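The file query_32.cif contains mmCIF, C-alpha atoms:
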```
data_my_file
loop_
_atom_site.group_PDB
_atom_site.id
_atom_site.type_symbol
_atom_site.label_atom_id
_atom_site.label_comp_id
_atom_site.auth_asym_id
_atom_site.auth_seq_id
_atom_site.Cartn_x
_atom_site.Cartn_y
_atom_site.Cartn_z
ATOM 1 C CA MET O 1 0.000 0.000 0.000
ATOM 2 C CA GLU O 2 2.940 2.297 -0.491
ATOM 3 C CA GLY O 3 2.046 5.761 -1.611
ATOM 4 C CA LEU O 4 -1.490 5.670 -0.190
ATOM 5 C CA GLY O 5 -0.592 7.031 3.213
ATOM 6 C CA ILE O 6 -2.003 6.400 6.651
ATOM 7 C CA LEU O 7 -5.298 8.185 5.918
ATOM 8 C CA TRP O 8 -6.067 5.904 2.961
ATOM 9 C CA SER O 9 -5.078 2.888 5.054
ATOM 10 C CA ILE O 10 -7.587 3.886 7.724
ATOM 11 C CA ILE O 11 -10.346 4.579 5.184
ATOM 12 C CA ILE O 12 -9.729 1.288 3.380
ATOM 13 C CA GLY O 13 -9.546 -0.540 6.721
ATOM 14 C CA ILE O 14 -12.913 0.828 7.835
ATOM 15 C CA ALA O 15 -14.506 0.027 4.479
ATOM 16 C CA ALA O 16 -13.017 -3.485 4.347
ATOM 17 C CA GLY O 17 -14.116 -4.245 7.913
ATOM 18 C CA ALA O 18 -17.642 -3.007 7.212
ATOM 19 C CA ILE O 19 -17.939 -4.987 3.979
ATOM 20 C CA ALA O 20 -16.577 -8.132 5.642
ATOM 21 C CA GLY O 21 -18.996 -7.655 8.543
ATOM 22 C CA TRP O 22 -21.906 -7.388 6.126
ATOM 23 C CA ILE O 23 -20.752 -10.476 4.241
ATOM 24 C CA MET O 24 -20.227 -12.620 7.339
ATOM 25 C CA LYS O 25 -23.006 -11.404 9.653
ATOM 26 C CA GLY O 26 -25.248 -9.235 7.556
ATOM 27 C CA ARG O 27 -24.188 -6.006 9.300
ATOM 28 C CA GLY O 28 -21.123 -4.076 10.444
ATOM 29 C CA PHE O 29 -19.680 -4.055 13.960
ATOM 30 C CA GLY O 30 -19.181 -0.342 14.532
ATOM 31 C CA ILE O 31 -16.452 1.950 13.274
ATOM 32 C CA VAL O 32 -13.706 0.943 15.749
ATOM 33 C CA ILE O 33 -14.157 -2.824 15.355
ATOM 34 C CA ASN O 34 -14.548 -2.422 11.579
ATOM 35 C CA LEU O 35 -11.246 -0.527 11.517
ATOM 36 C CA ILE O 36 -9.440 -3.203 13.527
ATOM 37 C CA VAL O 37 -10.917 -6.069 11.475
ATOM 38 C CA GLY O 38 -10.113 -4.224 8.236
ATOM 39 C CA LEU O 39 -6.528 -3.430 9.184
ATOM 40 C CA VAL O 40 -5.774 -6.940 10.444
ATOM 41 C CA GLY O 41 -7.635 -8.309 7.432
ATOM 42 C CA SER O 42 -5.441 -6.219 5.162
ATOM 43 C CA LEU O 43 -2.334 -7.818 6.647
ATOM 44 C CA LEU O 44 -3.876 -11.281 6.376
ATOM 45 C CA GLY O 45 -5.043 -10.576 2.819
ATOM 46 C CA GLY O 46 -1.547 -9.411 1.859
ATOM 47 C CA TRP O 47 -0.087 -12.605 3.293
ATOM 48 C CA ILE O 48 -2.641 -14.748 1.419
ATOM 49 C CA TYR O 49 -2.000 -12.842 -1.813
ATOM 50 C CA ALA O 50 1.776 -13.319 -1.381
ATOM 51 C CA LEU O 51 1.307 -17.067 -0.869
ATOM 52 C CA LEU O 52 -0.767 -17.275 -4.054
ATOM 53 C CA GLY O 53 1.563 -14.991 -6.017
ATOM 54 C CA ILE O 54 -1.147 -12.384 -6.625
ATOM 55 C CA ASN O 55 -0.252 -8.702 -6.824
ATOM 56 C CA SER O 56 -2.779 -5.990 -5.944
ATOM 57 C CA SER O 57 -2.480 -2.411 -7.070
ATOM 58 C CA GLY O 58 -4.593 0.683 -6.742
ATOM 59 C CA ILE O 59 -7.226 1.482 -4.189
ATOM 60 C CA LEU O 60 -9.766 -1.062 -5.450
ATOM 61 C CA GLY O 61 -7.172 -3.833 -5.551
ATOM 62 C CA VAL O 62 -6.064 -3.110 -2.003
ATOM 63 C CA LEU O 63 -9.706 -2.872 -0.864
ATOM 64 C CA LEU O 64 -10.495 -6.253 -2.404
ATOM 65 C CA MET O 65 -7.403 -7.786 -0.795
ATOM 66 C CA SER O 66 -8.374 -6.291 2.574
ATOM 67 C CA VAL O 67 -11.965 -7.528 2.314
ATOM 68 C CA ILE O 68 -10.808 -11.049 1.482
ATOM 69 C CA GLY O 69 -8.412 -10.997 4.427
ATOM 70 C CA ALA O 70 -11.081 -9.608 6.765
ATOM 71 C CA VAL O 71 -13.614 -12.259 5.682
ATOM 72 C CA VAL O 72 -11.020 -14.980 6.314
ATOM 73 C CA LEU O 73 -10.262 -13.414 9.710
ATOM 74 C CA LEU O 74 -13.944 -13.340 10.696
ATOM 75 C CA TRP O 75 -14.349 -16.939 9.499
ATOM 76 C CA ILE O 76 -11.389 -18.048 11.653
ATOM 77 C CA ILE O 77 -12.822 -16.191 14.640
ATOM 78 C CA SER O 78 -16.202 -17.859 14.096
ATOM 79 C CA LEU O 79 -14.517 -21.289 14.331
ATOM 80 C CA PHE O 80 -13.481 -20.530 17.918
ATOM 81 C CA LYS O 81 -16.652 -18.732 18.955
ATOM 82 C CA ARG O 82 -18.914 -20.708 21.241
ATOM 83 C CA LYS O 83 -22.311 -21.533 19.857
ATOM 84 C CA PRO O 84 -25.255 -21.329 22.278
#
```

Just give me the structure of the file as structure tokens.
Amino acid sequence: MEGLGILWSIIIGIAAGAIAGWIMKGRGFGIVINLIVGLVGSLLGGWIYALLGINSSGILGVLLMSVIGAVVLLWIISLFKRKP
């Protein structure tokens, strides 16, 4: 994400977390949790992309990578979450 700056990272993180929340639960989790999920998801998505040899560029490419990482993160979390 070089060249985008910290502000774009935060905006993309919030958007990715919100989109992943909608995909996995049907709604977002609030701005702070969406930011955390999006930022961690971005790191996870970058790692997944590197393993697969995929390169993302531009804002939409980074957003897609972040959303994929955030969805994977939420799926992993759901595996450990207790079901009532």

Taking the file above as input, evaluate the PyMOL selection byres ((chain O and resi 50-64) around 12) and report the hits as JSON, numbers by chain. {"O": [1, 2, 3, 4, 5, 8, 9, 10, 11, 12, 13, 14, 15, 16, 17, 18, 19, 20, 38, 39, 41, 42, 43, 44, 45, 46, 47, 48, 49, 65, 66, 67, 68, 69, 70, 71]}

Would you compute an axis-aligned box for segment 35-50 of chain O, covering every atom listed for it in the file with 8 Å of margin on each side, and report centre and edge lengths in Å to one decimal as lines of an AutoDock Vina configuration file?
```
center_x = -4.7
center_y = -7.6
center_z = 5.9
size_x = 29.0
size_y = 30.2
size_z = 31.3
```

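Atom CA of Trp22 of chain O is positioned 15.2 Å from atom CA of Ile77 of chain O.
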
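Across the model, the gap from atom CA of Trp75 of chain O to atom CA of Leu7 of chain O is 26.9 Å.
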
Between atom CA of Leu74 of chain O and atom CA of Val40 of chain O, measure the distance and give it in Å to one decimal.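 Separation between atom CA of Leu74 of chain O and atom CA of Val40 of chain O: 10.4 Å.
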